[in-house]
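Next comes model.txt, a file with compact mmCIF, C-alpha atoms and all ligand atoms.
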```
# COMPACT_ATOMS: atom_id res chain seq x y z
CA MET A 1 176.21 187.20 47.05
CA ALA A 2 179.73 188.28 48.09
CA PRO A 3 179.90 186.04 51.22
CA ALA A 4 178.77 183.02 49.18
CA LEU A 5 181.38 183.69 46.49
CA ALA A 6 184.10 184.15 49.13
CA ALA A 7 183.12 180.86 50.84
CA LEU A 8 183.18 178.99 47.53
CA GLN A 9 186.55 180.42 46.56
CA ALA A 10 188.01 179.69 50.02
CA ALA A 11 186.91 176.07 49.57
CA GLY A 12 188.75 175.90 46.24
CA GLY A 13 185.71 176.39 44.01
CA THR A 14 185.64 178.31 40.75
CA VAL A 15 182.62 180.44 39.91
CA ARG A 16 181.71 180.85 36.24
CA PHE A 17 179.12 183.42 35.21
CA GLY A 18 177.31 183.36 31.86
CA ALA A 19 177.84 179.60 31.41
CA ARG A 20 174.51 178.01 30.50
CA LEU A 21 174.24 174.30 31.21
CA ARG A 22 172.96 172.90 27.90
CA ARG A 23 172.67 169.24 28.79
CA LEU A 24 173.37 166.65 31.45
CA VAL A 25 175.27 163.71 30.03
CA THR A 26 173.99 160.70 31.98
CA GLN A 27 174.66 157.00 32.03
CA GLY A 28 173.54 154.28 34.41
CA GLY A 29 171.55 156.67 36.59
CA ARG A 30 174.52 159.00 37.13
CA VAL A 31 175.67 162.28 35.64
CA GLN A 32 178.84 161.70 33.63
CA ALA A 33 179.43 165.24 32.37
CA LEU A 34 178.01 168.75 32.27
CA ASP A 35 177.66 170.01 28.72
CA PHE A 36 178.06 173.80 28.47
CA GLY A 37 178.01 173.89 24.68
CA GLU A 38 181.48 175.29 24.07
CA ASP A 39 183.01 172.99 26.65
CA ALA A 40 182.06 170.05 28.85
CA MET A 41 183.01 169.18 32.39
CA ALA A 42 183.57 165.48 33.07
CA LEU A 43 182.65 164.29 36.56
CA GLY A 44 184.88 162.00 38.57
CA PRO A 45 183.49 159.10 40.63
CA ARG A 46 183.39 161.24 43.80
CA ASP A 47 181.95 164.37 42.11
CA ALA A 48 178.31 165.38 42.52
CA VAL A 49 175.96 168.01 41.11
CA VAL A 50 173.51 170.33 42.87
CA LEU A 51 171.10 171.45 40.16
CA ALA A 52 169.56 174.75 41.32
CA THR A 53 168.00 175.99 38.09
CA PRO A 54 164.39 177.25 37.85
CA PRO A 55 161.76 174.49 37.53
CA TRP A 56 161.20 174.81 33.77
CA GLU A 57 164.94 174.65 33.16
CA SER A 58 165.40 171.68 35.52
CA GLN A 59 162.65 169.89 33.57
CA ARG A 60 164.36 170.68 30.27
CA LEU A 61 167.54 169.10 31.64
CA LEU A 62 165.71 166.18 33.31
CA PRO A 63 162.61 165.60 31.13
CA HIS A 64 160.96 163.09 33.50
CA LEU A 65 160.94 165.55 36.37
CA ASP A 66 157.59 166.81 37.71
CA VAL A 67 157.74 170.56 38.24
CA PRO A 68 155.16 173.19 39.22
CA ALA A 69 152.94 173.81 36.20
CA ALA A 70 151.83 177.35 37.00
CA HIS A 71 153.68 180.45 38.07
CA ALA A 72 152.67 183.78 39.54
CA PRO A 73 154.02 187.20 38.60
CA ILE A 74 155.66 189.85 40.78
CA VAL A 75 155.43 193.46 39.64
CA ASN A 76 157.90 196.07 40.87
CA LEU A 77 157.59 199.81 40.36
CA HIS A 78 160.67 201.99 40.82
CA TYR A 79 160.06 205.75 41.15
CA ALA A 80 162.86 208.21 40.48
CA HIS A 81 162.04 210.11 43.64
CA PRO A 82 164.87 210.71 46.12
CA THR A 83 163.87 211.17 49.76
CA PRO A 84 165.89 212.53 52.71
CA GLY A 85 165.65 209.28 54.74
CA PRO A 86 165.57 207.43 57.05
CA VAL A 87 164.55 204.29 55.17
CA ARG A 88 160.88 203.47 55.73
CA PHE A 89 158.96 200.32 54.85
CA ILE A 90 155.16 200.42 54.56
CA GLY A 91 152.84 197.42 54.18
CA MET A 92 149.35 197.97 52.78
CA LEU A 93 146.22 195.83 52.93
CA ASP A 94 143.42 195.90 50.34
CA ALA A 95 145.61 197.99 48.08
CA LEU A 96 147.42 197.74 44.76
CA CYS A 97 150.73 198.50 46.52
CA GLN A 98 151.50 195.69 48.93
CA TRP A 99 154.96 196.79 50.06
CA VAL A 100 156.46 200.25 49.69
CA LEU A 101 160.15 200.83 50.35
CA VAL A 102 161.14 204.47 50.77
CA ARG A 103 164.88 204.96 50.41
CA PRO A 104 167.09 208.01 49.84
CA THR A 105 167.73 206.70 46.30
CA GLY A 106 164.06 206.31 45.39
CA VAL A 107 160.73 204.69 46.15
CA ALA A 108 159.96 201.07 45.20
CA VAL A 109 156.69 199.13 45.28
CA THR A 110 156.32 195.32 45.23
CA VAL A 111 153.13 193.54 44.20
CA SER A 112 153.36 189.76 44.74
CA ALA A 113 151.00 187.39 42.89
CA GLY A 114 150.25 190.54 40.88
CA ASP A 115 148.20 189.06 38.05
CA ALA A 116 146.01 192.14 37.55
CA ALA A 117 148.96 194.52 37.91
CA ALA A 118 150.95 192.52 35.36
CA ARG A 119 148.13 192.99 32.84
CA GLU A 120 147.88 196.74 33.40
CA GLU A 121 149.86 199.23 31.31
CA ALA A 122 152.67 201.11 33.04
CA GLU A 123 151.04 204.43 32.05
CA THR A 124 148.11 203.86 34.42
CA LEU A 125 149.81 201.59 36.96
CA GLY A 126 152.47 204.17 37.88
CA PRO A 127 150.08 207.03 38.74
CA ARG A 128 147.60 204.67 40.46
CA ALA A 129 150.24 203.18 42.76
CA TRP A 130 151.73 206.61 43.40
CA ALA A 131 148.34 208.02 44.56
CA GLU A 132 148.06 205.17 47.08
CA LEU A 133 151.58 205.34 48.43
CA ARG A 134 151.50 209.15 48.56
CA GLU A 135 148.42 208.99 50.79
CA ALA A 136 150.16 206.52 53.11
CA ALA A 137 153.41 208.52 53.15
CA LEU A 138 151.54 211.70 54.10
CA ALA A 139 149.45 209.85 56.73
CA PHE A 140 152.59 208.38 58.36
CA GLY A 141 154.58 211.61 58.08
CA VAL A 142 157.30 210.03 55.93
CA ALA A 143 159.99 212.66 55.32
CA GLY A 144 160.22 214.18 51.83
CA ASP A 145 158.08 215.82 49.17
CA TRP A 146 155.02 213.89 48.09
CA PRO A 147 153.68 215.72 45.04
CA ALA A 148 150.29 214.77 43.57
CA GLN A 149 151.93 214.21 40.17
CA ALA A 150 153.61 210.80 39.97
CA PRO A 151 157.40 210.97 39.36
CA PRO A 152 158.93 209.01 36.45
CA CYS A 153 158.52 205.33 37.10
CA ARG A 154 160.02 202.09 35.74
CA VAL A 155 157.74 199.07 35.90
CA VAL A 156 159.33 195.59 35.97
CA LYS A 157 157.02 192.61 35.43
CA GLU A 158 158.54 189.22 36.28
CA ARG A 159 155.91 186.85 34.90
CA ARG A 160 157.31 183.59 36.32
CA ALA A 161 158.47 185.03 39.66
CA THR A 162 157.30 182.17 41.88
CA PRO A 163 155.45 178.89 41.56
CA ARG A 164 151.75 179.62 42.01
CA HIS A 165 150.87 178.65 45.56
CA ALA A 166 147.50 176.96 45.55
CA PRO A 167 145.55 175.04 48.21
CA GLY A 168 146.42 171.36 48.48
CA PRO A 169 149.66 169.48 48.98
CA PRO A 170 152.57 171.06 47.11
CA LEU A 171 154.66 169.13 44.64
CA ARG A 172 157.68 167.56 46.35
CA PRO A 173 160.25 166.42 43.81
CA LYS A 174 162.69 163.69 44.76
CA ARG A 175 165.81 165.32 46.17
CA LEU A 176 168.05 162.85 44.32
CA PRO A 177 166.64 162.09 40.86
CA LEU A 178 170.06 160.69 39.94
CA ALA A 179 172.58 159.03 42.26
CA ASN A 180 175.04 161.92 42.05
CA LEU A 181 172.64 164.81 41.35
CA ALA A 182 170.57 166.63 43.95
CA LEU A 183 167.87 169.15 43.15
CA ALA A 184 167.80 172.53 44.84
CA GLY A 185 165.91 175.78 44.34
CA ASP A 186 163.03 177.44 46.16
CA TRP A 187 160.44 175.27 44.41
CA THR A 188 162.02 172.06 45.77
CA ASP A 189 161.45 173.06 49.41
CA PRO A 190 157.72 173.84 49.58
CA VAL A 191 157.64 174.02 53.40
CA LEU A 192 157.95 177.77 52.92
CA PRO A 193 156.63 179.92 50.07
CA ALA A 194 159.14 180.44 47.24
CA THR A 195 161.59 182.77 48.97
CA ILE A 196 165.31 183.21 49.48
CA GLU A 197 164.95 181.27 52.74
CA ALA A 198 163.35 178.33 50.91
CA SER A 199 166.20 178.31 48.39
CA VAL A 200 168.81 178.32 51.18
CA ARG A 201 167.02 175.45 52.95
CA SER A 202 166.87 173.53 49.66
CA GLY A 203 170.61 173.96 49.11
CA GLN A 204 171.37 172.65 52.58
CA ALA A 205 169.06 169.67 52.03
CA ALA A 206 170.69 168.95 48.66
CA ALA A 207 174.19 168.99 50.16
CA LYS A 208 173.12 166.72 53.03
CA ALA A 209 171.47 164.26 50.64
CA LEU A 210 174.64 163.99 48.55
CA LEU A 211 176.89 163.63 51.60
CA ARG A 212 174.75 160.75 52.87
C1 LIG B 301 160.68 190.38 41.55
C2 LIG B 301 160.95 189.38 42.65
C3 LIG B 301 160.95 189.80 43.96
C4 LIG B 301 161.21 188.89 45.00
N1 LIG B 301 161.24 189.33 46.30
C5 LIG B 301 161.59 188.48 47.29
C6 LIG B 301 161.72 188.94 48.63
O1 LIG B 301 161.52 190.11 48.94
N2 LIG B 301 162.09 188.03 49.58
C7 LIG B 301 162.34 186.71 49.28
O2 LIG B 301 162.70 185.94 50.18
N3 LIG B 301 162.21 186.26 48.01
C8 LIG B 301 161.85 187.11 47.02
N4 LIG B 301 161.72 186.65 45.74
C9 LIG B 301 161.91 185.21 45.50
C10 LIG B 301 163.38 184.87 45.46
O3 LIG B 301 164.06 185.73 44.57
C11 LIG B 301 163.51 183.42 45.00
O4 LIG B 301 162.76 182.60 45.89
C12 LIG B 301 164.96 182.96 44.99
O5 LIG B 301 165.77 183.81 44.23
C13 LIG B 301 165.02 181.56 44.42
O6 LIG B 301 166.35 181.14 44.41
P1 LIG B 301 166.77 179.92 43.52
O7 LIG B 301 168.23 179.74 43.75
O8 LIG B 301 165.82 178.79 43.73
O9 LIG B 301 166.49 180.37 42.01
P2 LIG B 301 167.03 181.63 41.20
O10 LIG B 301 167.36 182.76 42.09
O11 LIG B 301 166.00 181.82 40.11
O12 LIG B 301 168.39 181.12 40.55
C14 LIG B 301 168.41 180.21 39.49
C15 LIG B 301 169.68 180.50 38.72
O13 LIG B 301 169.86 179.51 37.71
C16 LIG B 301 170.40 180.15 36.58
N5 LIG B 301 170.15 179.28 35.43
C17 LIG B 301 168.97 179.03 34.81
N6 LIG B 301 169.15 178.14 33.83
C18 LIG B 301 170.47 177.81 33.83
C19 LIG B 301 171.26 176.92 33.05
N7 LIG B 301 170.75 176.16 32.07
N8 LIG B 301 172.60 176.85 33.32
C20 LIG B 301 173.17 177.58 34.30
N9 LIG B 301 172.44 178.43 35.10
C21 LIG B 301 171.11 178.54 34.86
C22 LIG B 301 169.67 181.48 36.52
O14 LIG B 301 170.40 182.39 35.72
C23 LIG B 301 169.67 181.85 38.00
O15 LIG B 301 170.83 182.56 38.35
C24 LIG B 301 161.46 187.54 44.69
C25 LIG B 301 161.46 187.11 43.35
C26 LIG B 301 161.21 188.01 42.34
C27 LIG B 301 161.23 187.54 40.91
```

Rendering of file as C-alpha cells:
Amino acid sequence: MAPALAALQAAGGTVRFGARLRRLVTQGGRVQALDFGEDAMALGPRDAVVLATPPWESQRLLPHLDVPAAHAPIVNLHYAHPTPGPVRFIGMLDALCQWVLVRPTGVAVTVSAGDAAAREEAETLGPRAWAELREAALAFGVAGDWPAQAPPCRVVKERRATPRHAPGPPLRPKRLPLANLALAGDWTDPVLPATIEASVRSGQAAAKALLR
C-alpha cells in the first residue's frame, strides 16, 4: 500500500481512512457530491469518482446496479509456530489445506472457496489441517520442529471473500453507470478470478474510461 499512498500524495491527493461513503448525491446522471455523513465533498465540473467498494456496498450506493449475487468464503489458519526459515510455500491437491506458507514468524494455511471449512469449528479444523501440513512438511524436509500436537491456531473465516465463480458468462457491469463515476473493484473485471490483479486492472480501466 505504501507505493500507492506515495503516488497519490505526490499527485496532490489526500488519503482519508475511516471515512465511510454514506451516499452519492446525484443529479442529471452525474454525481454532485459525496456524502460522508459528518461532511460532504462537492464535485466540480471536471471532477470524477472511481467507486471501488465491494459489490454489495456499490449496490447500496447505486441501487440499480447488478452485482454478483453469491460469494464464496476463504478460510485462513494462522499457527503460532515459529520456524528457522527459509520461507517455504507448499501447494496441496485433494486436501483441506490448499496453500501452506511456512515463515519464520509462523505457519499459515489458505483454503479458497472453503465452504466446508467455513462451517467447521476451529477446534477440529486446526488439528486436522495441522496433521496434513505436518505430513507434507516432514515429506519435503521443511526445516523446523513438526510436533504431532497442533500448536495454538487462530482461524479467520472471511465469508464474502470473493464473488462465487460459476460456469457461464460472468456479470459485466457497465464501467460508467454515471457520466462522472466509474466502477472499479475485482468483481468489475471478471477476465481474471477475483484477485489483486483483477482489482488493479479494474482501476486502470476505470481511469481510462473517465479520461476518455
Ligand atoms: C482472506 C483472503 C485472501 C485472499 N488472498 C488473495 C491472494 O493470495 N491473492 C490475490 O490476488 N487475491 C487474494 N484475495 C482477493 C483480494 O484480496 C481481492 O481480490 C482484492 O482485495 C479486491 O480489491 P478491491 O479493491 O476490489 O476490494 P477491497 O480490497 O475489498 O477494497 C474495498 C475497500 O472499500 C472500502 N469500503 C467499503 N465500503 C465503503 C464505503 N461505503 N466508503 C468508503 N470505503 C468503503 C473497504 O473498507 C475496502 O477497503 C484474498 C481475499 C481474501 C478475503

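Using all atoms listed in the file, the nearest neighbour of ligand LIG 301 (chain B) within the list A:Arg172, A:Lys208, A:Arg159, A:Arg119 is A:Arg159.
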
Closest pair table for chain A residues within 6 Å of ligand LIG 301 (chain B), all atoms listed in the file, as a Markdown table:
```
| residue | atom | partner | partner_atom | distance |
| --- | --- | --- | --- | --- |
| A:Ala19 | CA | B:LIG301 | C20 | 5.9 |
| A:Arg20 | CA | B:LIG301 | N8 | 3.6 |
| A:Leu21 | CA | B:LIG301 | N8 | 3.7 |
| A:Arg22 | CA | B:LIG301 | N7 | 5.7 |
| A:Ala52 | CA | B:LIG301 | O7 | 5.7 |
| A:Thr53 | CA | B:LIG301 | O13 | 4.0 |
| A:Pro54 | CA | B:LIG301 | C14 | 5.3 |
| A:Glu57 | CA | B:LIG301 | N6 | 5.5 |
| A:Ile74 | CA | B:LIG301 | C1 | 5.1 |
| A:Glu158 | CA | B:LIG301 | C27 | 5.6 |
| A:Ala161 | CA | B:LIG301 | C27 | 3.9 |
| A:Gly185 | CA | B:LIG301 | O8 | 3.1 |
| A:Asp186 | CA | B:LIG301 | O8 | 3.9 |
| A:Ala194 | CA | B:LIG301 | O4 | 4.4 |
| A:Thr195 | CA | B:LIG301 | O4 | 3.3 |
| A:Ile196 | CA | B:LIG301 | O2 | 3.8 |
| A:Glu197 | CA | B:LIG301 | O2 | 5.8 |
| A:Ser199 | CA | B:LIG301 | O8 | 4.7 |
```

Return the single residue from A:Arg88, A:His71, A:Arg46, A:Arg212 that is closest to Leu133 (chain A), with distances computed using all atoms listed in the file.
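For Leu133 (chain A), the nearest of the candidates is A:Arg88.
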
Counting all atoms listed in the file, note down every residue that has an atom within 8 Å of the point (157.6, 203.9, 49.4) (file coordinates), as a list in words.
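Using all atoms listed in the file, the matching residues come out as Arg88, Phe89, Ile90, Trp99, Val100, Leu101, Val102, Arg103, Gly106, Val107, Ala108, Val109, Leu133 and Ala137 of chain A.
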
Nearest candidate to Asp39 (chain A) (options A:Arg134, A:Arg128, A:Arg23, A:Lys174; using all atoms listed in the file)
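Selected residue with least distance to Asp39 (chain A): A:Arg23.
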
With only C-alpha atoms counted and 9 Å as the cut-off, give the residues of region 162-185 of chain A in contact with region 30-34 of chain A, each with its shortest interatomic distance in Å and the pair that gives it, as a Markdown table.
```
| residue | atom | partner | partner_atom | distance |
| --- | --- | --- | --- | --- |
| A:Leu178 | CA | A:Arg30 | CA | 5.5 |
| A:Ala179 | CA | A:Arg30 | CA | 5.5 |
| A:Asn180 | CA | A:Arg30 | CA | 5.7 |
| A:Leu181 | CA | A:Val31 | CA | 6.9 |
```

Output file for the residues above (C-alpha atoms, as an mmCIF file, in the frame of the given file):
```cif
data_model
loop_
_atom_site.group_PDB
_atom_site.id
_atom_site.type_symbol
_atom_site.label_atom_id
_atom_site.label_comp_id
_atom_site.auth_asym_id
_atom_site.auth_seq_id
_atom_site.Cartn_x
_atom_site.Cartn_y
_atom_site.Cartn_z
ATOM 1 C CA LEU A 178 170.060 160.690 39.940
ATOM 2 C CA ALA A 179 172.580 159.030 42.260
ATOM 3 C CA ASN A 180 175.040 161.920 42.050
ATOM 4 C CA LEU A 181 172.640 164.810 41.350
#
```

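The space between CA of Gly12 (chain A) and CA of Ser202 (chain A) spans 22.3 Å.
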
Which residues are near Ala118 (chain A)? Cut-off 10 Å, all atoms listed in the file, ignore same chain within fewer than 4 positions. Put them as a CSV table (one decimal) with C-alpha atoms, in the frame of the given file.
```csv
chain,number,residue,atom,x,y,z
A,72,ALA,CA,152.7,183.8,39.5
A,73,PRO,CA,154.0,187.2,38.6
A,74,ILE,CA,155.7,189.8,40.8
A,75,VAL,CA,155.4,193.5,39.6
A,76,ASN,CA,157.9,196.1,40.9
A,111,VAL,CA,153.1,193.5,44.2
A,113,ALA,CA,151.0,187.4,42.9
A,114,GLY,CA,150.2,190.5,40.9
A,122,ALA,CA,152.7,201.1,33.0
A,125,LEU,CA,149.8,201.6,37.0
A,155,VAL,CA,157.7,199.1,35.9
A,156,VAL,CA,159.3,195.6,36.0
A,157,LYS,CA,157.0,192.6,35.4
A,158,GLU,CA,158.5,189.2,36.3
A,159,ARG,CA,155.9,186.8,34.9
```

Using Å and a single decimal, report how far CA of Cys153 (chain A) sits from CA of Phe140 (chain A).
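Interatomic distance, CA of Phe140 (chain A) to CA of Cys153 (chain A): 22.3 Å.
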
Compare A:Ala40, A:Ala198, A:Leu96, A:Leu51 by their minimum atom-to-atom distance to Arg175 (chain A), counting all atoms listed in the file, and give me the closest one.
A:Leu51

Taking (163.6, 210.8, 43.3) in the file's coordinates, which residues come within 12 Å, counting all atoms listed in the file, written as a list of chain:residue names?
A:His78, A:Tyr79, A:Ala80, A:His81, A:Pro82, A:Thr83, A:Pro84, A:Gly85, A:Val102, A:Arg103, A:Pro104, A:Thr105, A:Gly106, A:Val107, A:Ala108, A:Gly144, A:Asp145, A:Trp146, A:Pro147, A:Ala150, A:Pro151, A:Pro152, A:Cys153

I need the residue nearest Ser58 (chain A) from this list: A:Ala206, A:Ala182, A:Leu5, A:Val15. Use only C-alpha atoms for the distance.
A:Ala182

Between CA of Ala166 (chain A) and CA of Leu61 (chain A), distance in Å (one decimal):
25.6 Å

Pick from A:Ala139, A:Ala184, A:Ala209, A:Leu176, whichever lies nearest to Gly29 (chain A) using only C-alpha atoms
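Looking at the shortest contact to Gly29 (chain A), the residue is A:Leu176.
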
Using all atoms of region 179-190 of chain A that appear in the file, construct an axis-aligned enclosing box with 8 Å of padding on every side and provide its centre coordinates and edge lengths in Å, rounded to one decimal, as lines of an AutoDock Vina configuration file.
```
center_x = 166.4
center_y = 168.2
center_z = 45.5
size_x = 33.3
size_y = 34.4
size_z = 24.2
```
